[in-house]
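> What follows is a single structure, and I will ask about it in a moment.
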Amino acid sequence: MGPLLNVGTAWRGATGLPQRFSLRAYVPREDLEPPYTSQVDGAVSPAVGEDTQLAEQLARLATQEHGPLPPIHEPLWTLPLTTAPAVRTGDLPLYHPPQRLRRTMEAVTSEERQMAEPLITMLLDHEEVRERGRSVRDQRKTRNYTRESDWTVPVAWFALFAPQDHAPVDQDGQIHHRLVVPADIALARVSWGARVLEESQEEDFQELGEDLRTVARWVSTFSAMSLIVLDYGSVANGIQPDDSPRDLRDAITFVNEHDHLGAEVAMGRLMKRWMPLAHLEFAS
């Protein structure tokens with residue numbers, strides 16, 4: 001079973017997966033918690049970070065020596081503040097802790113995950129889980145810098161962005177699509193959306209309003225000098241540039257204007273765009 005487990009872990013854990021979408025926060029050095037401040041000098045670009053993580057995953061798969069869990073130490077990722085199209089000047093470096101081991105530990109030790117995927121938790125070496133858990137003990141009180149989703153982007157994430165936040169980058173000849181916005185702008189947008197939906201009493205939008213409030217609470221833990229980045233998986237290249245942020249804002253605006261039909265039409269455009277990608281999860 002060991003090799004099969006390692007294969008699955010490498011596939012699920014490798015970065016750059018075409019179906020994976022990641023919402024990441026990059027913060028100034030002074031905003032990093034103590035477990036991460038000592039790693040600033042070794043920070044790497046997101047492209048290098050992804051390559052490093054993939055190489056580590058493949059090496060772990062090939063050698064079978066280090067078990068299925070991510071390593072204890074890995075470099076921070078860094079971007080300049082001007083990566084956001086909304087920021088014209090200032091090259092303040094910002095940092096993102098990948099936290100792969102911490103997030104993996106939270107997943108495999110949660111009661112919800114154990115109930116949903118009991119075979120995976122049974123196959124893991126419990127002593128290794130305990131040992132790795134002790135190694136990230138100092139990170140338990142730190143913020144979570146990453147949210148991930150496979151096959152589709154959670155609708156609430158789009159409330160953070162606008163079409164003008166599109167900041168594609170060339171990585172080895174391939175265009176990587178991303179949305180990048182300062183945290184204070186993102187927080188203002190999502191808080192407005194949550195407030196509109198909560199006050200509207202529209203039953204069809206109450207759950208979305210709760211999701212927006214959850215995202216707002218997460219973004220509020222980062223300072224105004226931070227960046228919020230949505231990294232698209234390449235499976236969504238065919239819908240770029242993505243108009244979903246505009247569609248969601250249109251829908252919320254219509255709700256605010258008590259135009260239920262307009263809101264439904266705007267949300268319908270968004271859902272129609274993403275439904276084919278959501279179906280790919282079950283295509284095989």
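In the structure tokens, the first chain shown is A, the next is B, and so on; residue numbers restart at 1 for each chain, and ligands run from 1 in the order shown.
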Val181 (chain A): which residues within 12 Å, counting only C-alpha atoms, same-chain residues fewer than 2 positions away excluded, as a PyMOL selection string?

chain A and resi 23-26+81-87+158-167+178-179+183-189+219+224-231

> So that I can see what lies close to region 274-282 of chain A, please list as a PyMOL selection string the residues with an atom at most 6 Å from it, counting only C-alpha atoms and leaving out residues fewer than 2 positions away in the same chain.

chain A and resi 151-152+271-272+284

> Work out how far apart CA of Gln171 (chain A) and CA of Gly49 (chain A) are and give it in Å to one decimal.

12.2 Å

> To one decimal place, how far is CA of Glu202 (chain A) from CA of Ile239 (chain A) in Å?

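Rounded to one decimal, the two atoms are 29.4 Å apart.
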
> Tell me which of A:Pro98, A:Pro241, A:Pro182, A:Gly193 sits closest to Ser22 (chain A), counting only C-alpha atoms.

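Of A:Pro98, A:Pro241, A:Pro182, A:Gly193, the one nearest Ser22 (chain A), counting only C-alpha atoms, is A:Pro98.
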
> Counting only C-alpha atoms, what is within 10 Å of Leu197 (chain A), bar same-chain residues fewer than 4 positions away, as an MDAnalysis selection string?

chainID A and resid 192:193 201:210 212:213 252:253 255:256

> Would you put the residues from that selection into a file with N, CA, C and O atoms, as a CSV table (one decimal), in the first residue's frame?


```
chain,number,residue,atom,x,y,z
A,192,TRP,N,-18.6,45.0,1.4
A,192,TRP,CA,-19.8,45.6,0.8
A,192,TRP,C,-20.7,44.5,0.3
A,192,TRP,O,-22.0,44.6,0.5
A,193,GLY,N,-20.2,43.5,-0.4
A,193,GLY,CA,-21.1,42.5,-0.9
A,193,GLY,C,-21.8,41.7,0.2
A,193,GLY,O,-23.0,41.4,0.1
A,201,GLN,N,-32.3,40.1,2.6
A,201,GLN,CA,-33.2,39.1,3.0
A,201,GLN,C,-33.6,38.2,1.8
A,201,GLN,O,-34.7,37.6,1.9
A,202,GLU,N,-32.8,38.3,0.7
A,202,GLU,CA,-33.1,37.4,-0.4
A,202,GLU,C,-32.7,36.0,-0.1
A,202,GLU,O,-31.5,35.7,0.1
A,203,GLU,N,-33.6,35.1,0.0
A,203,GLU,CA,-33.2,33.7,0.5
A,203,GLU,C,-32.2,33.0,-0.4
A,203,GLU,O,-31.4,32.3,0.0
A,204,ASP,N,-32.3,33.3,-1.7
A,204,ASP,CA,-31.5,32.7,-2.7
A,204,ASP,C,-30.0,33.1,-2.5
A,204,ASP,O,-29.1,32.4,-3.0
A,205,PHE,N,-29.8,34.2,-1.8
A,205,PHE,CA,-28.4,34.7,-1.7
A,205,PHE,C,-27.9,34.7,-0.3
A,205,PHE,O,-26.8,35.2,0.0
A,206,GLN,N,-28.6,34.2,0.6
A,206,GLN,CA,-28.2,34.2,2.0
A,206,GLN,C,-26.9,33.4,2.3
A,206,GLN,O,-26.0,33.8,3.0
A,207,GLU,N,-26.9,32.2,1.7
A,207,GLU,CA,-25.7,31.3,1.8
A,207,GLU,C,-24.5,32.0,1.2
A,207,GLU,O,-23.4,32.0,1.8
A,208,LEU,N,-24.6,32.6,0.1
A,208,LEU,CA,-23.5,33.4,-0.5
A,208,LEU,C,-23.1,34.5,0.4
A,208,LEU,O,-21.9,34.8,0.5
A,209,GLY,N,-24.0,35.2,1.0
A,209,GLY,CA,-23.7,36.3,1.9
A,209,GLY,C,-22.8,35.8,3.1
A,209,GLY,O,-21.9,36.4,3.5
A,210,GLU,N,-23.2,34.6,3.6
A,210,GLU,CA,-22.4,34.0,4.7
A,210,GLU,C,-21.0,33.6,4.2
A,210,GLU,O,-20.0,33.8,4.9
A,212,LEU,N,-19.4,35.2,1.8
A,212,LEU,CA,-18.6,36.4,1.6
A,212,LEU,C,-18.1,36.9,3.0
A,212,LEU,O,-17.0,37.4,3.1
A,213,ARG,N,-18.9,36.8,4.0
A,213,ARG,CA,-18.5,37.2,5.4
A,213,ARG,C,-17.3,36.4,5.8
A,213,ARG,O,-16.4,36.9,6.5
A,252,ILE,N,-24.7,41.3,-7.3
A,252,ILE,CA,-24.9,42.0,-5.9
A,252,ILE,C,-25.5,43.4,-6.1
A,252,ILE,O,-26.3,43.8,-5.3
A,253,THR,N,-25.1,44.1,-7.1
A,253,THR,CA,-25.6,45.4,-7.4
A,253,THR,C,-27.1,45.3,-7.7
A,253,THR,O,-27.9,46.1,-7.2
A,255,VAL,N,-29.1,43.0,-6.7
A,255,VAL,CA,-29.8,42.7,-5.4
A,255,VAL,C,-30.0,43.9,-4.6
A,255,VAL,O,-31.0,44.2,-4.0
A,256,ASN,N,-29.0,44.8,-4.6
A,256,ASN,CA,-29.0,46.0,-3.8
A,256,ASN,C,-30.1,47.0,-4.4
A,256,ASN,O,-30.7,47.8,-3.7
```

> Quick one: of A:Val155, A:Val44, A:Ala251, A:Met267, who's nearest to Thr78 (chain A), counting only C-alpha atoms?

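Comparing A:Val155, A:Val44, A:Ala251, A:Met267 against Thr78 (chain A), the winner is A:Val44.
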
> Just to confirm, what's the straight-line distance from CA of Pro71 (chain A) to CA of Leu101 (chain A) in Å (one decimal)?

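Between CA of Pro71 (chain A) and CA of Leu101 (chain A) the gap works out to 6.5 Å.
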